[in-house]
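Just entry-v3.pdb here, PDB, C-alpha atoms:
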ATOM      1  CA  MET A 739      -8.061 -24.542  -5.539
ATOM      2  CA  SER A 740     -10.989 -26.865  -6.116
ATOM      3  CA  LEU A 741      -9.949 -28.969  -3.105
ATOM      4  CA  ALA A 742      -9.774 -25.869  -0.930
ATOM      5  CA  LEU A 743     -13.236 -24.864  -2.134
ATOM      6  CA  GLU A 744     -14.475 -28.287  -1.008
ATOM      7  CA  GLY A 745     -13.126 -27.587   2.486
ATOM      8  CA  ASP A 746      -9.786 -29.405   2.312
ATOM      9  CA  ASP A 747      -7.646 -27.749   5.002
ATOM     10  CA  SER A 748      -4.332 -28.995   3.613
ATOM     11  CA  ALA A 749      -5.197 -27.634   0.150
ATOM     12  CA  PHE A 750      -5.994 -24.247   1.703
ATOM     13  CA  ASN A 751      -2.702 -24.368   3.637
ATOM     14  CA  GLN A 752      -0.905 -24.934   0.318
ATOM     15  CA  LEU A 753      -2.622 -21.857  -1.125
ATOM     16  CA  VAL A 754      -1.498 -19.822   1.878
ATOM     17  CA  THR A 755       2.064 -21.118   1.531
ATOM     18  CA  LEU A 756       2.128 -20.311  -2.192
ATOM     19  CA  HIS A 757       0.731 -16.789  -1.850
ATOM     20  CA  TYR A 758       1.730 -15.631   1.638
ATOM     21  CA  ASP A 759       4.821 -13.697   0.534
ATOM     22  CA  LYS A 760       2.850 -11.707  -2.050
ATOM     23  CA  VAL A 761       0.111 -10.898   0.498
ATOM     24  CA  TYR A 762       2.651  -9.900   3.137
ATOM     25  CA  GLY A 763       4.655  -7.839   0.629
ATOM     26  CA  GLN A 764       1.576  -5.912  -0.484
ATOM     27  CA  ALA A 765       0.570  -5.309   3.129
ATOM     28  CA  LEU A 766       4.086  -4.126   4.016
ATOM     29  CA  ARG A 767       4.219  -1.702   1.079
ATOM     30  CA  MET A 768       0.893  -0.231   2.081
ATOM     31  CA  THR A 769       1.330  -0.081   5.867
ATOM     32  CA  LYS A 770       5.099   0.499   5.973
ATOM     33  CA  SER A 771       5.177  -1.493   9.212
ATOM     34  CA  GLU A 772       6.236  -5.119   9.622
ATOM     35  CA  GLU A 773       3.903  -5.591  12.581
ATOM     36  CA  ASP A 774       0.928  -4.090  10.730
ATOM     37  CA  ALA A 775       1.782  -6.098   7.618
ATOM     38  CA  LYS A 776       1.728  -9.321   9.632
ATOM     39  CA  ASP A 777      -1.661  -8.343  11.074
ATOM     40  CA  VAL A 778      -3.010  -7.509   7.624
ATOM     41  CA  ALA A 779      -1.699 -10.773   6.175
ATOM     42  CA  GLN A 780      -3.283 -12.779   8.983
ATOM     43  CA  LEU A 781      -6.605 -10.939   8.652
ATOM     44  CA  THR A 782      -6.498 -11.388   4.894
ATOM     45  CA  TRP A 783      -6.117 -15.153   5.147
ATOM     46  CA  ILE A 784      -8.902 -15.347   7.727
ATOM     47  CA  LYS A 785     -11.162 -13.391   5.366
ATOM     48  CA  VAL A 786     -10.130 -15.571   2.427
ATOM     49  CA  TRP A 787     -10.963 -18.714   4.411
ATOM     50  CA  LYS A 788     -14.337 -17.371   5.500
ATOM     51  CA  LYS A 789     -15.222 -16.060   2.022
ATOM     52  CA  LEU A 790     -13.686 -18.872  -0.033
ATOM     53  CA  SER A 791     -17.109 -20.137  -1.028
ATOM     54  CA  THR A 792     -17.850 -16.735  -2.619
ATOM     55  CA  PHE A 793     -14.876 -16.982  -4.995
ATOM     56  CA  LYS A 794     -16.474 -17.367  -8.414
ATOM     57  CA  GLY A 795     -13.352 -17.848 -10.488
ATOM     58  CA  GLU A 796     -14.173 -14.850 -12.706
ATOM     59  CA  SER A 797     -10.701 -13.533 -12.006
ATOM     60  CA  ALA A 798      -7.473 -15.208 -10.969
ATOM     61  CA  PHE A 799      -7.341 -16.395  -7.377
ATOM     62  CA  THR A 800      -4.287 -14.192  -6.823
ATOM     63  CA  SER A 801      -6.197 -11.105  -8.007
ATOM     64  CA  TRP A 802      -9.034 -11.916  -5.630
ATOM     65  CA  VAL A 803      -6.662 -12.404  -2.676
ATOM     66  CA  TYR A 804      -4.735  -9.288  -3.666
ATOM     67  CA  ARG A 805      -7.931  -7.228  -3.618
ATOM     68  CA  ILE A 806      -8.811  -8.551  -0.158
ATOM     69  CA  THR A 807      -5.281  -7.698   1.011
ATOM     70  CA  THR A 808      -5.521  -4.167  -0.387
ATOM     71  CA  PHE A 809      -8.849  -3.439   1.274
ATOM     72  CA  THR A 810      -7.772  -5.038   4.561
ATOM     73  CA  ALA A 811      -4.650  -2.848   4.588
ATOM     74  CA  LEU A 812      -6.693   0.248   3.751
ATOM     75  CA  ASP A 813      -9.063  -0.537   6.623
ATOM     76  CA  LEU A 814      -6.136  -0.805   9.023
ATOM     77  CA  ILE A 815      -4.607   2.443   7.704
ATOM     78  CA  ARG A 816      -7.950   4.243   8.075
ATOM     79  CA  LYS A 817      -8.318   3.009  11.656
ATOM     80  CA  ARG A 818      -4.731   3.899  12.471
ATOM     81  CA  ASN A 819      -5.111   7.399  10.999
ATOM     82  CA  SER A 820      -8.393   8.051  12.795
ATOM     83  CA  ASN A 821      -6.889   6.968  16.122
ATOM     84  CA  ARG A 822      -3.677   8.900  15.653
ATOM     85  CA  GLU A 823      -3.390  12.062  17.664
ATOM     86  CA  SER A 824      -1.816  15.054  16.002
ATOM     87  CA  ALA A 825       1.689  14.021  15.121
ATOM     88  CA  SER A 826       4.732  15.973  16.143
ATOM     89  CA  GLU A 827       7.333  17.115  13.633
ATOM     90  CA  PRO A 828       8.963  14.301  11.705
ATOM     91  CA  ASP A 829      12.192  13.094  13.328
ATOM     92  CA  TYR A 830      14.381  14.346  10.524
ATOM     93  CA  LEU A 831      13.122  17.929  11.050
ATOM     94  CA  GLU A 832      13.601  17.735  14.793
ATOM     95  CA  ASN A 833      17.108  16.331  14.381
ATOM     96  CA  ALA A 834      18.004  19.014  11.864
ATOM     97  CA  ALA A 835      16.775  21.742  14.201
ATOM     98  CA  ASN A 836      18.753  20.358  17.139
ATOM     99  CA  SER A 837      21.969  19.613  15.253
ATOM    100  CA  ASP A 838      25.095  21.690  15.649
ATOM    101  CA  ALA A 839      25.144  24.048  12.656
ATOM    102  CA  SER A 840      28.915  24.335  12.847
ATOM    103  CA  SER A 841      29.501  20.639  12.201
ATOM    104  CA  ILE A 842      30.648  19.867   8.689
ATOM    105  CA  ALA A 843      29.033  16.981   6.857
ATOM    106  CA  SER A 844      30.692  15.039   4.077
ATOM    107  CA  PRO A 845      29.132  15.192   0.602
ATOM    108  CA  GLU A 846      27.978  11.582   1.059
ATOM    109  CA  GLN A 847      26.276  12.469   4.370
ATOM    110  CA  VAL A 848      24.579  15.432   2.694
ATOM    111  CA  ARG A 849      23.323  13.206  -0.154
ATOM    112  CA  LYS A 850      21.981  10.661   2.338
ATOM    113  CA  LEU A 851      20.206  13.369   4.322
ATOM    114  CA  GLU A 852      18.801  14.906   1.148
ATOM    115  CA  GLY A 853      17.628  11.457   0.041
ATOM    116  CA  LYS A 854      15.913  10.875   3.385
ATOM    117  CA  GLU A 855      14.306  14.306   3.274
ATOM    118  CA  LEU A 856      13.133  13.728  -0.296
ATOM    119  CA  LYS A 857      11.705  10.328   0.620
ATOM    120  CA  ALA A 858       9.962  11.866   3.635
ATOM    121  CA  ARG A 859       8.499  14.614   1.425
ATOM    122  CA  ILE A 860       7.269  12.089  -1.141
ATOM    123  CA  ASP A 861       5.825   9.847   1.581
ATOM    124  CA  ASP A 862       4.117  12.870   3.120
ATOM    125  CA  ALA A 863       2.631  13.940  -0.219
ATOM    126  CA  PHE A 864       1.502  10.354  -0.877
ATOM    127  CA  SER A 865      -0.131  10.072   2.552
ATOM    128  CA  LYS A 866      -2.066  13.321   1.975
ATOM    129  CA  LEU A 867      -3.735  11.971  -1.143
ATOM    130  CA  PRO A 868      -7.403  11.039  -0.819
ATOM    131  CA  GLU A 869      -7.733   7.288  -0.331
ATOM    132  CA  LYS A 870      -9.031   6.536  -3.843
ATOM    133  CA  LEU A 871      -6.162   8.416  -5.476
ATOM    134  CA  ARG A 872      -3.573   6.871  -3.144
ATOM    135  CA  THR A 873      -4.858   3.369  -3.863
ATOM    136  CA  ALA A 874      -4.819   3.929  -7.621
ATOM    137  CA  LEU A 875      -1.266   5.262  -7.539
ATOM    138  CA  GLN A 876      -0.143   2.381  -5.304
ATOM    139  CA  LEU A 877      -1.639  -0.239  -7.618
ATOM    140  CA  ARG A 878      -0.128   1.310 -10.746
ATOM    141  CA  GLU A 879       3.279   2.574  -9.690
ATOM    142  CA  ILE A 880       4.216   0.108  -6.972
ATOM    143  CA  GLU A 881       2.331  -3.030  -7.957
ATOM    144  CA  GLY A 882       2.584  -2.437 -11.701
ATOM    145  CA  LEU A 883      -1.002  -3.371 -12.498
ATOM    146  CA  THR A 884      -2.458  -2.490 -15.887
ATOM    147  CA  TYR A 885      -5.375  -0.074 -16.127
ATOM    148  CA  GLU A 886      -7.695  -2.988 -16.842
ATOM    149  CA  GLU A 887      -6.483  -4.966 -13.805
ATOM    150  CA  MET A 888      -6.875  -1.880 -11.648
ATOM    151  CA  ALA A 889     -10.403  -1.252 -12.927
ATOM    152  CA  GLN A 890     -11.316  -4.837 -12.110
ATOM    153  CA  GLN A 891      -9.878  -4.672  -8.599
ATOM    154  CA  LEU A 892     -11.334  -1.261  -7.825
ATOM    155  CA  HIS A 893     -14.717  -2.086  -9.376
ATOM    156  CA  CYS A 894     -14.721   0.937 -11.659
ATOM    157  CA  LYS A 895     -14.201   1.835 -15.310
ATOM    158  CA  THR A 896     -10.788   2.150 -16.937
ATOM    159  CA  GLY A 897     -11.467   5.848 -17.536
ATOM    160  CA  THR A 898     -12.045   6.331 -13.813
ATOM    161  CA  VAL A 899      -8.713   4.634 -13.094
ATOM    162  CA  MET A 900      -6.948   6.930 -15.566
ATOM    163  CA  SER A 901      -8.615   9.985 -14.039
ATOM    164  CA  ARG A 902      -7.611   8.964 -10.515
ATOM    165  CA  LEU A 903      -4.014   8.415 -11.602
ATOM    166  CA  PHE A 904      -3.898  11.775 -13.365
ATOM    167  CA  ASN A 905      -5.298  13.557 -10.296
ATOM    168  CA  ALA A 906      -2.981  11.680  -7.927
ATOM    169  CA  ARG A 907       0.099  12.596  -9.944
ATOM    170  CA  LYS A 908      -1.015  16.220 -10.301
ATOM    171  CA  THR A 909      -1.608  16.510  -6.553
ATOM    172  CA  ILE A 910       1.808  15.055  -5.716
ATOM    173  CA  GLN A 911       3.425  17.416  -8.210
ATOM    174  CA  LYS A 912       1.773  20.351  -6.427
ATOM    175  CA  HIS A 913       3.070  19.136  -3.037
ATOM    176  CA  LEU A 914       6.582  18.817  -4.432
ATOM    177  CA  ALA A 915       6.582  21.893  -6.707
ATOM    178  CA  ASP A 916       9.213  23.689  -4.650
ATOM    179  CA  LEU A 917      11.704  20.896  -5.368
ATOM    180  CA  VAL A 918      11.595  21.518  -9.106
ATOM    181  CA  SER A 919      12.828  25.006  -9.712
TER     182      SER A 919
END
So that I can check it, write out the structure of this file as structure tokens.
Amino acid sequence: MSLALEGDDSAFNQLVTLHYDKVYGQALRMTKSEEDAKDVAQLTWIKVWKKLSTFKGESAFTSWVYRITTFTALDLIRKRNSNRESASEPDYLENAANSDASSIASPEQVRKLEGKELKARIDDAFSKLPEKLRTALQLREIEGLTYEEMAQQLHCKTGTVMSRLFNARKTIQKHLADLVS
């Protein structure tokens, strides 16, 4: 790390090699697109290189890179969502509407379809969360960060993190209330 801070290109390349998979994985989980994840990973490493001199060592290097990855992915998602025209029905709804009602599906096919529909419902509820709530839920439930780590990465108090998680979970429960009856 100290060599990279001094401008050693090969030391920086070693950092990229060591941490690329984690950066790419985080980007992929957030964007749900391999192409977008590659773009986010590349942009992240460009930002890290340009801002390397600002790294103060107050947190772990991985936490710092992870935070840059998270915000880079959120920027891309925001841009993508603002450019997106109104979306048509999800494919699974369209396919269900156009399928032959008289065809008989096996129990396994029904379970797979139900699983896909459930995943689509959860993804939809997750995507409707306000950005701050979505990010908090992502960091906790998918990345497994502690409240303290989340507070550090989000630059807020632990109580704020807990509040965001509570509100995110409550909102998702409301979106999925009809499934629990």
**Request:** Name the residues captured by the PyMOL selection byres ((chain A and resi 910) around 8) when it is applied to the shown file; answer as a count of residues only.
**Result:** 12
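Compared by their closest atoms to Trp802 in chain A, and using only C-alpha atoms, the residues A:Ala775, A:Leu781, A:Ala749, A:Leu892 rank with A:Leu892 nearest.
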**Request:** Excluding Arg872 in chain A and any residue of its chain fewer than 2 positions from it, enumerate the residues within 10 Å of it, using only C-alpha atoms, and give them as a count of residues only.
**Result:** 18
**Request:** Report as a PyMOL selection string the residues that result from applying the PyMOL selection byres ((chain A and resi 782-794) around 12) to the structure here.
**Result:** chain A and resi 739-747+749-751+753-755+757-762+764-765+774-781+795-814
**Message:** Just checking: using all atoms listed in the file, which residue out of A:Ala858, A:Leu766, A:Met900, A:Cys894 ends up closest to Arg878 in chain A?
**Reply:**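 Among the listed residues, the smallest separation from Arg878 in chain A belongs to A:Met900.
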**Prompt:** Do you have the CA of Tyr885 in chain A-CA of Phe904 in chain A distance handy?
**Reply:**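 Taking CA of Tyr885 in chain A and CA of Phe904 in chain A, their separation equals 12.3 Å.
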**Message:** I'd like the interatomic distance between CA of Ser901 in chain A and CA of Glu886 in chain A, to a tenth of an Å.
**Reply:**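 Between these atoms lies a distance of 13.3 Å.
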**Asked** So how far away is CA of Lys770 in chain A from CA of Gly897 in chain A, in Å?
**Response**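 Between these atoms lies a distance of 29.3 Å.
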